[in-house]
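Only one structure is covered here, and it is reproduced in the block below.
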Amino acid sequence: MTMMNNIYDIETPAYIIDENKLEDNLRILKIIEERTGCHILLAQKAFSNYCEYSLIARYISGTTASGIYEARLGREEMNKENHVYSPAYKQKDMDELVKICDHIVFNSLSQLRKYKEQCLKAGVSVGLRINPEFSTQQEHAIYDPCAYGSRLGVTVDKLLSEEKDKDGFPAVLEGVSGLHFHTLCEQNSDDLEATLKVVEDKFGQYFHRMSWINFGGGHHITRQDYDVEKLVKCILHVRDTYNVQVYLEPGEAIALNAGYFVAEVLDIVDNGIKTLILDGSAACHMPDVLEMPYTPVLQGAEIVGNADSCVADCDMKDSDRNMAAQERFTYRLSSYTCLAGDIIGDYSFDHEIKAGDRLVFNDMAIYSMVKNNTFNGIPLPSIYTVRDGKYSLVKRFGYEDFKERLS
């Protein structure tokens with residue numbers, strides 16, 4: 001493996017996984033497992049870089065998947081606990097999932113009825129996702145699974161209307177080992193605490209018949225201001241009250257701030273706004289910048305405007321956009337794709353930026369490599385790791401990676 005000592009030695013665009021920071025996050029999660037007895041699973045939808053699975057496996061209990069390929073990856077590359085949840089399953093996928101997964105969680109009563117016996121026959125623990133209809137999302141409505149009309153999870157009225165057994169327990173839950181709720185996105189434990197009260201009020205009557213409860217993901221556990229003690233309190237409360245195993249499925253928390261995206265300035269265009277043309281793209285390489293949307297932190301720069309405001313105010317003059325930045329060098333960051341709205345944001349620097357300079361965006365390990373694409377035939381970024389200042393190439397992509405996706 002080729003080792004490099006300087007960020008200018010690597011090929012751009014590139015993702016860099018910071019193994020020191022990744023391990024710092026994992027140590028925090030391991031302590032929570034040890035204090036509470038909970039099992040923490042890597043949600044692979046956020047971070048599927050299996051080159052790090054051997055490291056991750058030393059600290060947490062396993063993986064969780066949102067589809068057949070993630071489930072296969074978790075089994076092949078980590079081979080610890082392997083869970084899966086999907087809004088719906090194809091029969092051909094279920095035939096494989098029952099062979100490689102320990103837990104399979106269903107999204108609806110119809111899916112539960114369709115596949116429950118197949119799972120039980122295979123020795124798989126069966127779960128059901130519930131929807132408490134309690135929204136705590138303030139910023140990212142696209143990620144609110146409790147919004148009105150959400151297709152995600154079974155609401156309590158559906159269970160209450162089910163045929164009951166002699167003990168008043170919904171017959172459809174016979175054979176179900178656990179309940180799963182996922183309501184958070186990049187949130188602190190106060191939102192979990194509030195959600196848990198609603199979940200218990202609506203579904204607590206079923207908890208005593210379960211062997212596990214899954215709190216889902218969205219817990220920003222490794223964020224600096226996260227209230228770990230409140231999380232521990234929530235876990236212990238459920239564990240001890242209902243005598244169940246508690247699961248958490250963070251994705252972001254595992255690789256939070258443990259990665260960077262490096263792009264090179266190819267050109268500078270000034271048509272009223274000074275715009276840096278990068279070999280990196282929001283649309284291709286950082287899709288969440290446009291989807292959430294959000295503006296990534298850029299090393300050595302201050303954020304002046306986000307992608308939304310950049311598109312809305314594209315006719316504004318450079319000098320009018322932010323008076324506070326008058327003594328600095330302010331640029332709009334864009335890409336060499338043909339998409340007019342492929343804008344990362346507006347940033348100000350304390351020095352002039354020139355073609356050939358390299359820019360480093362923070363917190364780019366999560367929801368980047370798993371969501372990137374080759375729109376416009378733009379190459380996929382290479383993947384590197386860095387540990388103690390030493391960079392190592394993990395994967396370089398080429399033309400065949402673009403071509404083979406299309407035929």
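Residues are referred to by chain and number: the chain letter is A, B, ... according to the order shown in the structure tokens, the number counts from 1 in that chain, and ligands are numbered separately from 1 in the order shown.
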
message = Please list as a list in words every residue within 12 Å of Glu139 of chain A, counting only C-alpha atoms and excluding residues in the same chain fewer than 6 positions away.
response =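 The residues satisfying every condition are Leu184, Cys185, Glu186, Gln187, Met292, Pro293 and Tyr294 of chain A.
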
query = Could you write out, as a PyMOL selection string, all the residues of segment 13-258 of chain A that DSSP marks as helix (DSSP H, G or I)?
reply = chain A and resi 19-36+50-57+68-77+91-100+109-121+141-143+156-160+171-173+189-207+228-242+252-255

Sorted per-residue table, segment 30-54 of chain A near segment 387-403 of chain A, closest atoms and distance, 12 Å, only C-alpha atoms, as a Markdown table:
| residue | atom | partner | partner_atom | distance |
| --- | --- | --- | --- | --- |
| A:Asn49 | CA | A:Val394 | CA | 9.9 |
| A:Tyr50 | CA | A:Val394 | CA | 10.6 |
| A:Cys51 | CA | A:Val394 | CA | 7.9 |
| A:Glu52 | CA | A:Val394 | CA | 10.5 |

Could you save the residues just selected, with N, CA and C atoms, as a short mmCIF file (atom, residue, chain, number, x, y, z; two decimals), in the first residue's frame?
data_model
loop_
_atom_site.label_atom_id
_atom_site.label_comp_id
_atom_site.auth_asym_id
_atom_site.auth_seq_id
_atom_site.Cartn_x
_atom_site.Cartn_y
_atom_site.Cartn_z
N ASN A 49 -17.89 1.72 4.29
CA ASN A 49 -16.50 1.48 3.91
C ASN A 49 -15.95 0.28 4.69
N TYR A 50 -16.11 -0.87 4.07
CA TYR A 50 -15.78 -2.11 4.77
C TYR A 50 -14.29 -2.29 5.02
N CYS A 51 -13.47 -1.43 4.44
CA CYS A 51 -12.04 -1.46 4.78
C CYS A 51 -11.84 -1.15 6.26
N GLU A 52 -12.85 -0.54 6.90
CA GLU A 52 -12.76 -0.20 8.32
C GLU A 52 -13.58 -1.13 9.20
#

inquiry  = Give me the residues near segment 364-374 of chain A as a PyMOL selection string, where near means some atom within 7 Å (using only C-alpha atoms) and where sequence neighbours in that chain fewer than 5 positions away do not count.
reply    = chain A and resi 17+45-48+252+255-256+258-261+284-287+379-380+402

Write out the residues from the selection above, keeping C-alpha atoms, as a PDB file, in the first residue's frame.
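New file again_34.pdb:
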ATOM      1  CA  ILE A  17     -11.171   8.558   6.227  1.00  0.00           C
ATOM      2  CA  LYS A  45     -26.578   3.426   4.948  1.00  0.00           C
ATOM      3  CA  ALA A  46     -24.365   6.210   6.321  1.00  0.00           C
ATOM      4  CA  PHE A  47     -20.974   4.525   6.120  1.00  0.00           C
ATOM      5  CA  SER A  48     -20.269   1.308   4.238  1.00  0.00           C
ATOM      6  CA  GLU A 252     -23.394   9.171  11.527  1.00  0.00           C
ATOM      7  CA  ALA A 255     -17.958   8.208  11.466  1.00  0.00           C
ATOM      8  CA  LEU A 256     -18.953  11.730  12.555  1.00  0.00           C
ATOM      9  CA  ALA A 258     -13.996  11.251  10.727  1.00  0.00           C
ATOM     10  CA  GLY A 259     -13.566  12.130   7.086  1.00  0.00           C
ATOM     11  CA  TYR A 260     -12.670  14.850   4.622  1.00  0.00           C
ATOM     12  CA  PHE A 261     -13.288  15.655   0.981  1.00  0.00           C
ATOM     13  CA  CYS A 284     -21.989  14.076  -7.628  1.00  0.00           C
ATOM     14  CA  HIS A 285     -19.786  13.790  -4.560  1.00  0.00           C
ATOM     15  CA  MET A 286     -21.651  15.469  -1.664  1.00  0.00           C
ATOM     16  CA  PRO A 287     -25.357  14.890  -2.492  1.00  0.00           C
ATOM     17  CA  PRO A 379     -15.115  10.507 -12.145  1.00  0.00           C
ATOM     18  CA  LEU A 380     -15.786   9.138  -8.699  1.00  0.00           C
ATOM     19  CA  PHE A 402     -18.700   4.607 -14.963  1.00  0.00           C
TER      20      PHE A 402
END

Output as JSON lines one row per residue of segment 167-210 of chain A within 7 Å of segment 221-236 of chain A: the closest atom pair and its distance in Å to one decimal place, counting only C-alpha atoms, sorted by chain and residue number ascending.
{"residue": "A:Asn188", "atom": "CA", "partner": "A:Tyr226", "partner_atom": "CA", "distance": 5.6}
{"residue": "A:Ser189", "atom": "CA", "partner": "A:Leu231", "partner_atom": "CA", "distance": 5.4}
{"residue": "A:Glu193", "atom": "CA", "partner": "A:Cys234", "partner_atom": "CA", "distance": 6.5}

request  = Would you list, as a PyMOL selection string, the residues of segment 97-164 of chain A that end up in strand (DSSP E or B) under DSSP run on this structure's backbone?
outcome  = chain A and resi 103-106+125-130+154+164

Store the residues picked out above, limited to C-alpha atoms, as a PDB file, in the first residue's frame.
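The file below, part-v4.pdb, is the result:
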ATOM      1  CA  HIS A 103     -32.935  -9.932  12.965  1.00  0.00           C
ATOM      2  CA  ILE A 104     -35.401  -8.922  10.239  1.00  0.00           C
ATOM      3  CA  VAL A 105     -37.668  -5.947  10.931  1.00  0.00           C
ATOM      4  CA  PHE A 106     -40.894  -5.391   9.012  1.00  0.00           C
ATOM      5  CA  SER A 125     -35.642 -12.942  15.256  1.00  0.00           C
ATOM      6  CA  VAL A 126     -38.653 -11.053  13.887  1.00  0.00           C
ATOM      7  CA  GLY A 127     -39.264  -7.376  14.561  1.00  0.00           C
ATOM      8  CA  LEU A 128     -41.858  -4.757  13.676  1.00  0.00           C
ATOM      9  CA  ARG A 129     -41.234  -1.067  13.124  1.00  0.00           C
ATOM     10  CA  ILE A 130     -43.668   1.164  14.989  1.00  0.00           C
ATOM     11  CA  VAL A 154     -47.078   0.798  12.073  1.00  0.00           C
ATOM     12  CA  LYS A 164     -56.697 -10.168  19.975  1.00  0.00           C
TER      13      LYS A 164
END

inquiry  = Need the shell around Glu174 of chain A: protein/DNA/RNA residues with any atom at most 12 Å away, counting only C-alpha atoms. Skip same-chain ones fewer than 2 positions apart. Format as an MDAnalysis selection string?
reply    = chainID A and resid 109 112:113 116:117 120 126:128 162:165 167:172 176:178 206 209:210

inquiry  = Taking 5 positions as the minimum chain separation for residues in the same chain, which residues sit within 12 Å of Val199 of chain A when counting only C-alpha atoms? Answer as number ranges by chain.
reply    = A: 129-135, 146, 154-156, 179-183, 192-194, 204-207, 213-215, 238

For the residues selected in the previous step, produce a file with N, CA and C atoms as a compact mmCIF listing (two decimals), in the first residue's frame.
# COMPACT_ATOMS: atom_id res chain seq x y z
N ARG A 129 -41.47 -2.49 12.92
CA ARG A 129 -41.23 -1.07 13.12
C ARG A 129 -42.55 -0.38 13.49
N ILE A 130 -42.50 0.43 14.54
CA ILE A 130 -43.67 1.16 14.99
C ILE A 130 -43.46 2.66 14.73
N ASN A 131 -44.55 3.36 14.57
CA ASN A 131 -44.51 4.79 14.31
C ASN A 131 -45.28 5.51 15.41
N PRO A 132 -44.58 6.22 16.30
CA PRO A 132 -45.26 6.89 17.42
C PRO A 132 -46.00 8.16 17.01
N GLU A 133 -45.86 8.57 15.73
CA GLU A 133 -46.52 9.78 15.23
C GLU A 133 -46.16 11.00 16.10
N PHE A 134 -44.90 11.10 16.42
CA PHE A 134 -44.40 12.18 17.28
C PHE A 134 -43.15 12.75 16.62
N SER A 135 -43.27 13.91 16.01
CA SER A 135 -42.17 14.51 15.26
C SER A 135 -41.32 15.40 16.16
N CYS A 146 -41.99 10.59 11.09
CA CYS A 146 -43.24 10.69 11.84
C CYS A 146 -44.17 11.76 11.29
N VAL A 154 -45.68 1.11 11.77
CA VAL A 154 -47.08 0.80 12.07
C VAL A 154 -47.56 1.71 13.19
N THR A 155 -48.65 2.40 12.97
CA THR A 155 -49.22 3.28 14.00
C THR A 155 -50.04 2.44 14.99
N VAL A 156 -50.23 3.01 16.17
CA VAL A 156 -50.85 2.24 17.24
C VAL A 156 -52.30 1.87 16.91
N LEU A 179 -39.65 -4.70 18.94
CA LEU A 179 -40.22 -3.52 18.30
C LEU A 179 -39.12 -2.52 18.01
N HIS A 180 -39.26 -1.85 16.90
CA HIS A 180 -38.23 -0.94 16.41
C HIS A 180 -38.87 0.42 16.12
N PHE A 181 -38.27 1.50 16.63
CA PHE A 181 -38.71 2.83 16.23
C PHE A 181 -37.49 3.66 15.86
N HIS A 182 -37.65 4.43 14.79
CA HIS A 182 -36.58 5.31 14.31
C HIS A 182 -37.23 6.64 13.97
N THR A 183 -36.96 7.65 14.80
CA THR A 183 -37.63 8.94 14.64
C THR A 183 -36.66 10.11 14.57
N LEU A 192 -34.70 11.99 22.12
CA LEU A 192 -34.96 10.57 22.38
C LEU A 192 -35.82 10.41 23.62
N GLU A 193 -35.49 11.13 24.68
CA GLU A 193 -36.23 11.04 25.93
C GLU A 193 -37.70 11.42 25.71
N ALA A 194 -37.95 12.50 24.97
CA ALA A 194 -39.31 12.92 24.70
C ALA A 194 -40.05 11.90 23.85
N GLY A 204 -46.20 0.75 25.02
CA GLY A 204 -45.60 0.09 26.17
C GLY A 204 -46.33 -1.16 26.60
N GLN A 205 -47.63 -1.24 26.32
CA GLN A 205 -48.41 -2.42 26.68
C GLN A 205 -47.92 -3.69 25.99
N TYR A 206 -47.17 -3.51 24.89
CA TYR A 206 -46.66 -4.66 24.16
C TYR A 206 -45.20 -4.99 24.51
N PHE A 207 -44.53 -4.06 25.22
CA PHE A 207 -43.10 -4.25 25.48
C PHE A 207 -42.81 -5.49 26.32
N ILE A 213 -35.91 -4.17 22.20
CA ILE A 213 -36.46 -2.91 21.70
C ILE A 213 -35.31 -2.18 21.00
N ASN A 214 -35.58 -1.74 19.78
CA ASN A 214 -34.55 -1.06 18.98
C ASN A 214 -34.91 0.42 18.88
N PHE A 215 -33.98 1.28 19.36
CA PHE A 215 -34.19 2.73 19.36
C PHE A 215 -33.87 3.35 18.00
N VAL A 238 -35.51 1.49 29.90
CA VAL A 238 -36.22 0.50 29.08
C VAL A 238 -35.73 -0.91 29.38

query = At what distance in Å, to one decimal, does atom CA of Val360 of chain A lie from atom CA of Ile16 of chain A?
reply =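 Separation between atom CA of Ile16 of chain A and atom CA of Val360 of chain A: 9.8 Å.
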
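The shortest atom-to-atom distance to Gln137 of chain A, with only C-alpha atoms taken into account, belongs to A:Asp191 out of A:Leu278, A:Asp191, A:Gly377, A:Leu266.
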
key: Nearby residues (only C-alpha atoms) at most 6 Å from Ser334 of chain A, same-chain spacing under 2 positions excluded, as a ChimeraX atom specification   = /A:276-277,342-344

Per-residue nearest contacts segment 219-281 of chain A to segment 64-71 of chain A, cut-off 10 Å, using only C-alpha atoms, as a tab-separated table:
residue	atom	partner	partner_atom	distance
A:Leu248	CA	A:Thr64	CA	9.8
A:Glu249	CA	A:Thr64	CA	7.0
A:Pro250	CA	A:Thr64	CA	9.3
A:Gly251	CA	A:Thr64	CA	9.3

key: Ser61 of chain A surroundings by only C-alpha atoms, 6 Å radius, close-in-sequence under 5 positions cut, as a list of chain:residue names   =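 Everything that qualifies: A:His39, A:Ile40, A:Leu41.
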
Please save N, CA and C atoms of the selected residues as a PDB file, in the first residue's frame.
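What follows is the written file again22.pdb:
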ATOM      1  N   HIS A  39     -26.664  -3.044  22.692  1.00  0.00           N
ATOM      2  CA  HIS A  39     -25.889  -3.429  21.527  1.00  0.00           C
ATOM      3  C   HIS A  39     -25.983  -2.309  20.495  1.00  0.00           C
ATOM      4  N   ILE A  40     -24.842  -1.810  20.071  1.00  0.00           N
ATOM      5  CA  ILE A  40     -24.791  -0.740  19.080  1.00  0.00           C
ATOM      6  C   ILE A  40     -24.390  -1.338  17.736  1.00  0.00           C
ATOM      7  N   LEU A  41     -25.142  -0.965  16.697  1.00  0.00           N
ATOM      8  CA  LEU A  41     -24.940  -1.498  15.357  1.00  0.00           C
ATOM      9  C   LEU A  41     -24.585  -0.371  14.394  1.00  0.00           C
TER      10      LEU A  41
END

query = What does the distance between atom CA of Met94 of chain A and atom CA of Arg58 of chain A come to in Å, to one decimal place?
reply =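 Between these atoms lies a distance of 29.0 Å.
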